[in-house]
>>> print(open('run.cif').read())   # mmCIF, C-alpha atoms
data_input
#
loop_
_atom_site.group_PDB
_atom_site.id
_atom_site.type_symbol
_atom_site.label_atom_id
_atom_site.label_comp_id
_atom_site.auth_asym_id
_atom_site.auth_seq_id
_atom_site.Cartn_x
_atom_site.Cartn_y
_atom_site.Cartn_z
ATOM 1 C CA MET U 15 46.315 29.176 -22.145
ATOM 2 C CA THR U 16 48.828 29.938 -24.852
ATOM 3 C CA GLY U 17 49.778 26.289 -24.987
ATOM 4 C CA THR U 18 46.147 25.311 -25.232
ATOM 5 C CA ILE U 19 45.561 27.753 -28.110
ATOM 6 C CA ARG U 20 48.615 26.451 -29.904
ATOM 7 C CA SER U 21 47.401 22.907 -29.375
ATOM 8 C CA LEU U 22 43.959 23.789 -30.746
ATOM 9 C CA MET U 23 45.505 25.555 -33.732
ATOM 10 C CA ALA U 24 47.703 22.563 -34.436
ATOM 11 C CA THR U 25 44.709 20.256 -34.205
ATOM 12 C CA ALA U 26 42.735 22.538 -36.543
ATOM 13 C CA SER U 27 45.621 22.538 -39.028
ATOM 14 C CA VAL U 28 45.646 18.768 -39.017
ATOM 15 C CA LEU U 29 41.882 18.676 -39.603
ATOM 16 C CA VAL U 30 42.098 21.205 -42.454
ATOM 17 C CA ALA U 31 44.944 19.255 -44.019
ATOM 18 C CA ALA U 32 42.900 16.069 -43.702
ATOM 19 C CA GLN U 33 39.917 17.782 -45.318
ATOM 20 C CA LEU U 34 42.073 19.077 -48.158
ATOM 21 C CA TRP U 35 43.470 15.598 -48.618
ATOM 22 C CA THR U 36 39.944 14.189 -48.930
ATOM 23 C CA VAL U 37 39.049 16.727 -51.626
ATOM 24 C CA LYS U 38 41.004 14.809 -54.275
ATOM 25 C CA PRO U 39 39.101 11.554 -53.860
ATOM 26 C CA LEU U 40 35.825 13.495 -53.859
ATOM 27 C CA ARG U 41 36.809 15.271 -57.057
ATOM 28 C CA ALA U 42 37.968 11.983 -58.490
ATOM 29 C CA ALA U 43 34.458 10.654 -57.812
ATOM 30 C CA ASP U 44 33.325 12.817 -60.745
ATOM 31 C CA ARG U 45 35.168 10.332 -62.957
ATOM 32 C CA HIS U 46 33.421 7.032 -63.572
ATOM 33 C CA SER U 47 34.244 3.970 -65.624
ATOM 34 C CA VAL U 48 31.478 3.393 -68.181
ATOM 35 C CA ARG U 49 30.629 0.417 -70.358
ATOM 36 C CA GLY U 50 27.986 0.548 -73.064
ATOM 37 C CA ILE U 51 26.811 -0.035 -76.624
ATOM 38 C CA VAL U 52 27.468 2.677 -79.206
ATOM 39 C CA LEU U 53 24.328 4.040 -80.882
ATOM 40 C CA GLN U 54 25.706 6.937 -82.939
ATOM 41 C CA VAL U 55 29.144 8.155 -83.999
ATOM 42 C CA ASN U 56 29.984 11.630 -85.305
ATOM 43 C CA PRO U 57 33.720 11.789 -86.127
ATOM 44 C CA ALA U 58 33.454 15.398 -87.364
ATOM 45 C CA ARG U 59 32.183 16.557 -83.987
ATOM 46 C CA GLN U 60 34.259 13.996 -82.076
ATOM 47 C CA SER U 61 31.125 12.764 -80.324
ATOM 48 C CA ILE U 62 29.233 9.554 -79.651
ATOM 49 C CA VAL U 63 25.880 8.490 -78.216
ATOM 50 C CA VAL U 64 26.014 5.444 -75.942
ATOM 51 C CA SER U 65 23.456 3.209 -74.266
ATOM 52 C CA CYS U 66 25.287 2.966 -70.952
ATOM 53 C CA ASP U 67 25.194 0.254 -68.331
ATOM 54 C CA ALA U 68 24.062 1.331 -64.875
ATOM 55 C CA ILE U 69 26.715 2.650 -62.492
ATOM 56 C CA PRO U 70 25.727 1.486 -58.980
ATOM 57 C CA GLY U 71 25.228 4.387 -56.624
ATOM 58 C CA PHE U 72 25.620 6.975 -59.388
ATOM 59 C CA MET U 73 23.203 6.534 -62.294
ATOM 60 C CA ASP U 74 20.701 4.174 -63.854
ATOM 61 C CA ALA U 75 21.259 2.589 -67.246
ATOM 62 C CA MET U 76 20.552 5.304 -69.802
ATOM 63 C CA VAL U 77 21.328 6.779 -73.210
ATOM 64 C CA MET U 78 23.846 9.642 -73.077
ATOM 65 C CA PRO U 79 25.812 11.761 -75.581
ATOM 66 C CA PHE U 80 29.543 12.240 -74.983
ATOM 67 C CA THR U 81 32.293 14.427 -76.372
ATOM 68 C CA VAL U 82 35.311 12.193 -76.913
ATOM 69 C CA ARG U 83 38.574 13.635 -75.689
ATOM 70 C CA GLY U 84 41.942 12.151 -76.553
ATOM 71 C CA GLN U 85 43.546 10.415 -79.508
ATOM 72 C CA THR U 86 40.697 7.994 -80.248
ATOM 73 C CA ASN U 87 40.062 7.571 -83.971
ATOM 74 C CA LEU U 88 36.270 7.576 -84.096
ATOM 75 C CA LYS U 89 36.320 6.344 -87.680
ATOM 76 C CA SER U 90 37.134 2.929 -86.246
ATOM 77 C CA VAL U 91 34.160 3.026 -83.843
ATOM 78 C CA VAL U 92 30.830 1.821 -85.254
ATOM 79 C CA PRO U 93 27.262 1.534 -83.919
ATOM 80 C CA GLY U 94 26.782 -1.727 -82.078
ATOM 81 C CA ALA U 95 30.354 -1.748 -80.733
ATOM 82 C CA THR U 96 30.875 -2.315 -77.024
ATOM 83 C CA VAL U 97 33.041 0.426 -75.530
ATOM 84 C CA LEU U 98 34.735 1.237 -72.247
ATOM 85 C CA PHE U 99 35.759 4.747 -71.232
ATOM 86 C CA ASP U 100 36.164 7.162 -68.337
ATOM 87 C CA MET U 101 33.266 9.592 -68.009
ATOM 88 C CA VAL U 102 34.181 13.057 -66.765
ATOM 89 C CA GLU U 103 31.352 15.451 -65.916
ATOM 90 C CA SER U 104 31.822 19.121 -66.793
ATOM 91 C CA LYS U 105 29.369 22.016 -66.555
ATOM 92 C CA ASN U 106 28.003 21.782 -70.075
ATOM 93 C CA GLN U 107 28.827 18.294 -71.314
ATOM 94 C CA SER U 108 29.791 14.741 -70.498
ATOM 95 C CA ILE U 109 33.264 13.841 -71.690
ATOM 96 C CA ALA U 110 34.546 10.382 -72.606
ATOM 97 C CA GLU U 111 38.268 9.847 -72.043
ATOM 98 C CA HIS U 112 40.418 6.798 -72.797
ATOM 99 C CA LEU U 113 37.720 5.380 -75.074
ATOM 100 C CA ARG U 114 38.401 1.873 -76.325
ATOM 101 C CA VAL U 115 36.404 -0.726 -78.190
ATOM 102 C CA VAL U 116 36.022 -3.963 -76.250
ATOM 103 C CA GLU U 117 36.749 -7.174 -78.096
ATOM 104 C CA VAL U 118 33.816 -9.376 -77.180
ATOM 105 C CA THR U 119 34.879 -12.470 -75.289
ATOM 106 C CA ASN U 120 32.716 -15.400 -74.308
ATOM 107 C CA HIS U 121 33.820 -17.456 -71.335
ATOM 108 C CA GLU U 122 31.376 -20.247 -72.115
ATOM 109 C CA ALA U 123 32.979 -23.185 -73.912
ATOM 110 C CA GLU U 124 30.546 -23.359 -76.846
ATOM 111 C CA PRO U 125 30.889 -19.852 -78.363
ATOM 112 C CA THR U 126 34.620 -19.845 -77.584
ATOM 113 C CA GLU U 127 35.077 -23.055 -79.544
ATOM 114 C CA ALA U 128 32.841 -21.725 -82.316
ATOM 115 C CA GLY U 129 34.916 -18.563 -82.445
ATOM 116 C CA ARG U 130 38.069 -20.616 -82.945
ATOM 117 C CA LEU U 131 36.423 -22.652 -85.681
ATOM 118 C CA THR U 132 35.239 -19.446 -87.371
ATOM 119 C CA PHE U 133 38.756 -18.017 -87.204
ATOM 120 C CA LEU U 134 40.243 -21.189 -88.703
ATOM 121 C CA GLN U 135 37.608 -21.244 -91.440
ATOM 122 C CA GLN U 136 38.330 -17.620 -92.375
ATOM 123 C CA ALA U 137 42.087 -18.259 -92.289
ATOM 124 C CA MET U 138 41.702 -21.225 -94.635
ATOM 125 C CA ASN U 139 39.194 -19.410 -96.829
ATOM 126 C CA PRO U 140 39.914 -15.642 -96.938
ATOM 127 C CA ASP U 141 36.958 -15.151 -99.274
ATOM 128 C CA SER U 142 34.584 -16.009 -96.418
ATOM 129 C CA ALA U 143 35.943 -13.122 -94.322
ATOM 130 C CA ALA U 144 35.586 -10.781 -97.295
ATOM 131 C CA ARG U 145 31.909 -11.740 -97.560
ATOM 132 C CA ILE U 146 31.091 -10.357 -94.109
ATOM 133 C CA VAL U 147 28.995 -7.201 -94.439
ATOM 134 C CA GLN U 148 30.442 -4.152 -92.699
ATOM 135 C CA VAL U 149 28.394 -1.471 -90.950
ATOM 136 C CA GLY U 150 27.058 0.959 -93.544
ATOM 137 C CA GLN U 151 27.160 -1.566 -96.392
ATOM 138 C CA PRO U 152 24.048 -3.032 -98.045
ATOM 139 C CA VAL U 153 23.067 -6.490 -96.853
ATOM 140 C CA PRO U 154 22.745 -8.826 -99.888
ATOM 141 C CA ASP U 155 19.229 -10.087 -100.456
ATOM 142 C CA PHE U 156 18.363 -13.647 -99.473
ATOM 143 C CA THR U 157 15.318 -15.899 -99.544
ATOM 144 C CA LEU U 158 14.364 -18.340 -96.782
ATOM 145 C CA ILE U 159 11.137 -20.055 -95.641
ATOM 146 C CA ASP U 160 9.117 -18.664 -92.712
ATOM 147 C CA GLN U 161 7.019 -20.376 -90.016
ATOM 148 C CA SER U 162 3.997 -20.335 -92.353
ATOM 149 C CA ASN U 163 6.067 -22.223 -94.943
ATOM 150 C CA GLN U 164 6.133 -19.144 -97.172
ATOM 151 C CA PRO U 165 9.233 -17.924 -99.031
ATOM 152 C CA THR U 166 10.461 -14.683 -97.492
ATOM 153 C CA ARG U 167 13.045 -12.301 -98.924
ATOM 154 C CA LEU U 168 14.969 -9.721 -96.949
ATOM 155 C CA SER U 169 14.094 -7.203 -99.658
ATOM 156 C CA ASP U 170 10.396 -7.698 -98.778
ATOM 157 C CA PHE U 171 11.102 -5.440 -95.809
ATOM 158 C CA LYS U 172 12.735 -2.530 -97.635
ATOM 159 C CA GLY U 173 11.542 0.649 -95.987
ATOM 160 C CA LYS U 174 11.364 -1.040 -92.581
ATOM 161 C CA VAL U 175 13.986 -1.509 -89.869
ATOM 162 C CA VAL U 176 14.958 -5.153 -89.326
ATOM 163 C CA ALA U 177 16.370 -6.650 -86.122
ATOM 164 C CA LEU U 178 17.813 -10.096 -86.802
ATOM 165 C CA THR U 179 19.431 -12.849 -84.787
ATOM 166 C CA PHE U 180 20.131 -16.617 -84.993
ATOM 167 C CA ALA U 181 18.886 -19.498 -82.862
ATOM 168 C CA TYR U 182 17.733 -23.116 -82.797
ATOM 169 C CA ALA U 183 14.900 -24.655 -80.829
ATOM 170 C CA ARG U 184 16.871 -27.349 -78.981
ATOM 171 C CA CYS U 185 19.619 -25.064 -77.669
ATOM 172 C CA PRO U 186 20.073 -26.236 -74.056
ATOM 173 C CA ASN U 187 21.743 -23.140 -72.571
ATOM 174 C CA PRO U 188 19.480 -20.277 -71.372
ATOM 175 C CA ASN U 189 22.254 -17.748 -72.014
ATOM 176 C CA TYR U 190 22.533 -18.666 -75.688
ATOM 177 C CA CYS U 191 19.612 -18.909 -78.127
ATOM 178 C CA PHE U 192 16.967 -18.388 -75.446
ATOM 179 C CA ARG U 193 18.545 -15.124 -74.357
ATOM 180 C CA LEU U 194 18.902 -13.768 -77.897
ATOM 181 C CA SER U 195 15.328 -14.767 -78.768
ATOM 182 C CA ASN U 196 14.085 -13.267 -75.509
ATOM 183 C CA ASN U 197 15.750 -9.993 -76.511
ATOM 184 C CA LEU U 198 13.590 -9.912 -79.653
ATOM 185 C CA SER U 199 10.503 -10.769 -77.616
ATOM 186 C CA ILE U 200 11.163 -7.752 -75.393
ATOM 187 C CA ILE U 201 11.779 -5.607 -78.479
ATOM 188 C CA GLU U 202 8.428 -6.730 -79.920
ATOM 189 C CA ARG U 203 6.664 -5.566 -76.744
ATOM 190 C CA ARG U 204 8.618 -2.309 -76.475
ATOM 191 C CA PHE U 205 7.812 -1.320 -80.062
ATOM 192 C CA ARG U 206 4.378 -2.917 -80.262
ATOM 193 C CA ALA U 207 2.898 0.053 -82.130
ATOM 194 C CA GLN U 208 5.579 -0.157 -84.841
ATOM 195 C CA ALA U 209 6.180 -3.911 -84.994
ATOM 196 C CA GLY U 210 5.030 -5.259 -88.337
ATOM 197 C CA THR U 211 4.740 -1.821 -89.932
ATOM 198 C CA ASN U 212 8.015 0.019 -89.313
ATOM 199 C CA LEU U 213 9.914 -2.774 -87.583
ATOM 200 C CA ILE U 214 10.404 -6.431 -88.507
ATOM 201 C CA LEU U 215 12.029 -9.029 -86.260
ATOM 202 C CA ILE U 216 13.752 -12.058 -87.759
ATOM 203 C CA THR U 217 15.136 -15.179 -86.125
ATOM 204 C CA ILE U 218 17.129 -17.293 -88.561
ATOM 205 C CA VAL U 219 16.911 -20.888 -87.394
ATOM 206 C CA ILE U 220 20.233 -22.658 -87.890
ATOM 207 C CA ASP U 221 19.037 -26.267 -87.518
ATOM 208 C CA PRO U 222 16.920 -26.870 -90.641
ATOM 209 C CA ASP U 223 17.085 -30.660 -90.250
ATOM 210 C CA LYS U 224 15.104 -30.416 -86.996
ATOM 211 C CA ASP U 225 13.416 -26.995 -87.091
ATOM 212 C CA GLN U 226 11.221 -26.702 -90.137
ATOM 213 C CA GLY U 227 7.546 -27.013 -91.004
ATOM 214 C CA LYS U 228 5.425 -27.568 -87.886
ATOM 215 C CA ALA U 229 8.519 -27.584 -85.691
ATOM 216 C CA LEU U 230 9.377 -24.074 -86.869
ATOM 217 C CA ASP U 231 5.792 -22.934 -86.287
ATOM 218 C CA LYS U 232 5.909 -24.442 -82.784
ATOM 219 C CA PHE U 233 9.183 -22.626 -82.074
ATOM 220 C CA ALA U 234 7.554 -19.331 -83.108
ATOM 221 C CA ASP U 235 4.527 -20.101 -80.944
ATOM 222 C CA THR U 236 6.821 -20.606 -77.948
ATOM 223 C CA TRP U 237 7.492 -16.862 -78.093
ATOM 224 C CA LYS U 238 3.871 -15.940 -78.892
ATOM 225 C CA ALA U 239 5.307 -14.181 -81.931
ATOM 226 C CA ASP U 240 3.029 -12.106 -84.136
ATOM 227 C CA PRO U 241 3.782 -13.504 -87.631
ATOM 228 C CA LYS U 242 3.298 -10.052 -89.142
ATOM 229 C CA ALA U 243 6.053 -8.673 -86.943
ATOM 230 C CA TRP U 244 8.381 -11.585 -86.163
ATOM 231 C CA ARG U 245 9.479 -14.083 -88.796
ATOM 232 C CA PHE U 246 11.267 -17.346 -88.038
ATOM 233 C CA LEU U 247 13.195 -18.288 -91.172
ATOM 234 C CA THR U 248 15.089 -21.347 -92.314
ATOM 235 C CA GLY U 249 16.033 -23.132 -95.523
ATOM 236 C CA ASN U 250 18.438 -25.770 -96.720
ATOM 237 C CA LEU U 251 21.696 -25.905 -94.793
ATOM 238 C CA ASP U 252 23.772 -24.221 -97.525
ATOM 239 C CA ASP U 253 21.358 -21.290 -97.746
ATOM 240 C CA VAL U 254 21.358 -20.811 -93.978
ATOM 241 C CA HIS U 255 25.165 -20.987 -93.885
ATOM 242 C CA ASN U 256 25.416 -18.392 -96.659
ATOM 243 C CA VAL U 257 23.207 -15.946 -94.770
ATOM 244 C CA ALA U 258 24.988 -16.551 -91.460
ATOM 245 C CA GLU U 259 28.359 -15.988 -93.136
ATOM 246 C CA ARG U 260 27.278 -12.486 -94.192
ATOM 247 C CA PHE U 261 27.052 -11.534 -90.510
ATOM 248 C CA GLY U 262 30.220 -13.325 -89.398
ATOM 249 C CA MET U 263 28.155 -15.968 -87.626
ATOM 250 C CA GLY U 264 29.483 -19.530 -87.662
ATOM 251 C CA PHE U 265 27.878 -22.786 -86.521
ATOM 252 C CA TRP U 266 28.784 -26.492 -86.621
ATOM 253 C CA ASN U 267 27.058 -29.725 -85.689
ATOM 254 C CA ASP U 268 28.654 -31.208 -82.581
ATOM 255 C CA GLU U 269 27.248 -34.601 -81.515
ATOM 256 C CA GLY U 270 23.638 -33.620 -82.128
ATOM 257 C CA PHE U 271 23.871 -30.045 -80.861
ATOM 258 C CA LEU U 272 25.118 -26.942 -82.635
ATOM 259 C CA THR U 273 28.251 -25.060 -81.693
ATOM 260 C CA HIS U 274 27.782 -21.450 -82.720
ATOM 261 C CA THR U 275 28.767 -17.841 -82.218
ATOM 262 C CA PHE U 276 26.356 -15.042 -81.286
ATOM 263 C CA HIS U 277 25.360 -12.193 -83.594
ATOM 264 C CA THR U 278 22.435 -9.783 -83.494
ATOM 265 C CA ALA U 279 22.132 -7.363 -86.416
ATOM 266 C CA VAL U 280 20.071 -4.256 -87.108
ATOM 267 C CA ILE U 281 19.375 -3.320 -90.741
ATOM 268 C CA ASP U 282 18.120 0.148 -91.659
ATOM 269 C CA ARG U 283 15.226 1.108 -93.933
ATOM 270 C CA ASP U 284 17.506 1.214 -96.974
ATOM 271 C CA GLY U 285 18.750 -2.335 -96.408
ATOM 272 C CA ASN U 286 22.146 -1.263 -95.054
ATOM 273 C CA LEU U 287 23.723 -2.858 -92.008
ATOM 274 C CA ALA U 288 23.272 -0.402 -89.131
ATOM 275 C CA ALA U 289 24.904 -2.559 -86.439
ATOM 276 C CA ASN U 290 26.166 -6.073 -85.805
ATOM 277 C CA ILE U 291 26.434 -6.860 -82.100
ATOM 278 C CA GLU U 292 28.628 -9.826 -81.292
ATOM 279 C CA GLY U 293 28.178 -11.913 -78.161
ATOM 280 C CA ASN U 294 25.449 -11.980 -75.548
ATOM 281 C CA GLN U 295 26.778 -9.460 -73.031
ATOM 282 C CA PHE U 296 24.341 -6.690 -73.918
ATOM 283 C CA THR U 297 20.836 -6.110 -72.614
ATOM 284 C CA ALA U 298 17.501 -6.111 -74.420
ATOM 285 C CA ARG U 299 17.210 -2.454 -73.400
ATOM 286 C CA GLN U 300 20.461 -1.625 -75.176
ATOM 287 C CA LEU U 301 19.329 -3.462 -78.301
ATOM 288 C CA GLY U 302 16.050 -1.550 -78.063
ATOM 289 C CA ASP U 303 17.907 1.757 -77.771
ATOM 290 C CA LEU U 304 19.823 0.865 -80.921
ATOM 291 C CA VAL U 305 16.612 -0.066 -82.752
ATOM 292 C CA ALA U 306 14.954 3.180 -81.612
ATOM 293 C CA ASN U 307 17.876 5.179 -82.965
ATOM 294 C CA VAL U 308 17.663 3.470 -86.372
ATOM 295 C CA LEU U 309 13.868 3.839 -86.463
ATOM 296 C CA ARG U 310 14.299 7.611 -86.190
ATOM 297 C CA ARG U 311 16.330 7.715 -89.394
ATOM 298 C CA PRO U 312 14.399 8.438 -92.593
ATOM 299 C CA ALA U 313 14.874 6.095 -95.535
ATOM 300 C CA ARG U 314 17.333 7.768 -97.901
ATOM 301 C CA ILE U 315 16.016 5.930 -100.943
ATOM 302 C CA ALA U 316 12.436 6.918 -100.153
ATOM 303 C CA SER U 317 13.502 10.495 -99.483
ATOM 304 C CA SER U 318 15.459 10.791 -102.734
ATOM 305 C CA THR U 319 12.577 9.227 -104.681
ATOM 306 C CA ALA U 320 10.111 11.609 -103.122
ATOM 307 C CA SER U 321 12.376 14.551 -103.942
ATOM 308 C CA SER U 322 12.692 13.469 -107.597
ATOM 309 C CA ASN U 323 8.895 13.242 -107.888
ATOM 310 C CA ARG U 324 8.249 16.741 -106.619
ATOM 311 C CA PRO U 325 7.093 19.247 -109.260
#
>>> encode(input="run.cif", output="structure tokens")
Amino acid sequence: MTGTIRSLMATASVLVAAQLWTVKPLRAADRHSVRGIVLQVNPARQSIVVSCDAIPGFMDAMVMPFTVRGQTNLKSVVPGATVLFDMVESKNQSIAEHLRVVEVTNHEAEPTEAGRLTFLQQAMNPDSAARIVQVGQPVPDFTLIDQSNQPTRLSDFKGKVVALTFAYARCPNPNYCFRLSNNLSIIERRFRAQAGTNLILITIVIDPDKDQGKALDKFADTWKADPKAWRFLTGNLDDVHNVAERFGMGFWNDEGFLTHTFHTAVIDRDGNLAANIEGNQFTARQLGDLVANVLRRPARIASSTASSNRP
């Protein structure tokens, strides 16, 4: 009997030890790798708000605030940046550790080649790199022609939030122009009540030789775009290049098709660049979360004007 008891005790000890050993992986399960698009940054509070990708088996895609822990310099993190970090859940807050900004890479040949050409162009002409608008800076005004053949200025939309991307009608790859245009189509539906009043969508068409006049109108009709809410703009090639350069977007004619990089920008009510998302590895939902965040901001110019007019 004594031997049996000892044997049972030994077995129990092994089981307890095994259970204690499994505690660490279970506790480690509270730590998850997160990828997402930054919506807000508060360096003073060492915090960020992120539109996170879904984590299978743990959480759906969602917007979450995080306290950043570690040596990350949040002054180098801007809205629209893609970030990776370890999420650690505590009782009162979600913590982001080992935060790092992801350099957007495209594995497809076209944007990779365009990226190289852009780099070479900026290396040969440093002034072109200096012309790229940074987040928080005002976007210089420009004038292009819309799908109704009317001149349209960016400054026409002062007081409204603008979501802007680039495309051309003959782009053959569904992950390129079609995907970026489809993002705006989803945004138009998500913000239907505000589209045209508080929110303007712009697609700048980068193939003016082919996409102008009726062709431009047909391209807009493909997306059933409301012309009050979604403008398709083009102009002469130099004008289009000048606008694209402001957002770091490069494109070149390559045997009848255009080699180009991907950029989607959000401009706030004051005409300042709120975000410039590079690549196509974000979702329409994440772009929408970014737009929603900018829509909630009051226009500073309007606010200061209103204040100065008060008795």
>>> closest_residue(input="run.cif", among="U:Val102, U:Val64, U:Ile200, U:Ala110", to="U:Arg299", atoms="all atoms listed in the file")
U:Ile200
>>> resolve_selection(input="run.cif", expression="the PyMOL selection byres ((chain U and resi 311) around 12)", output="list in words")
Gln54, Gly173, Lys174, Val175, Asn212, Ile281, Asp282, Arg283, Asp284, Ala288, Leu304, Val305, Ala306, Asn307, Val308, Leu309, Arg310, Pro312, Ala313, Arg314, Ile315, Ala316 and Ser317 of chain U
>>> closest_residue(input="run.cif", among="U:Ser47, U:Thr157, U:Asn56, U:Ser108", to="U:Val257", atoms="only C-alpha atoms")
U:Thr157
>>> residues_around(input="run.cif", residues="U:Trp244", least_positions_apart="6", cutoff="9 Å", atoms="only C-alpha atoms", output="list in words")
Leu198, Ser199, Glu202, Ala209, Gly210, Ile214, Leu215, Ile216, Thr217 and Ala234 of chain U
>>> closest_residue(input="run.cif", among="U:Pro241, U:Gly84, U:Gly150, U:Gly94", to="U:Phe296", atoms="all atoms listed in the file")
U:Gly94
>>> resolve_selection(input="run.cif", expression="the PyMOL selection byres ((chain U and resi 233) around 12)", output="count of residues only")
36
>>> resolve_selection(input="run.cif", expression="the PyMOL selection byres ((chain U and resi 255) around 12)", output="VMD selection string")
chain U and resid 142 156 158 180 218 to 222 248 to 254 256 to 266 274
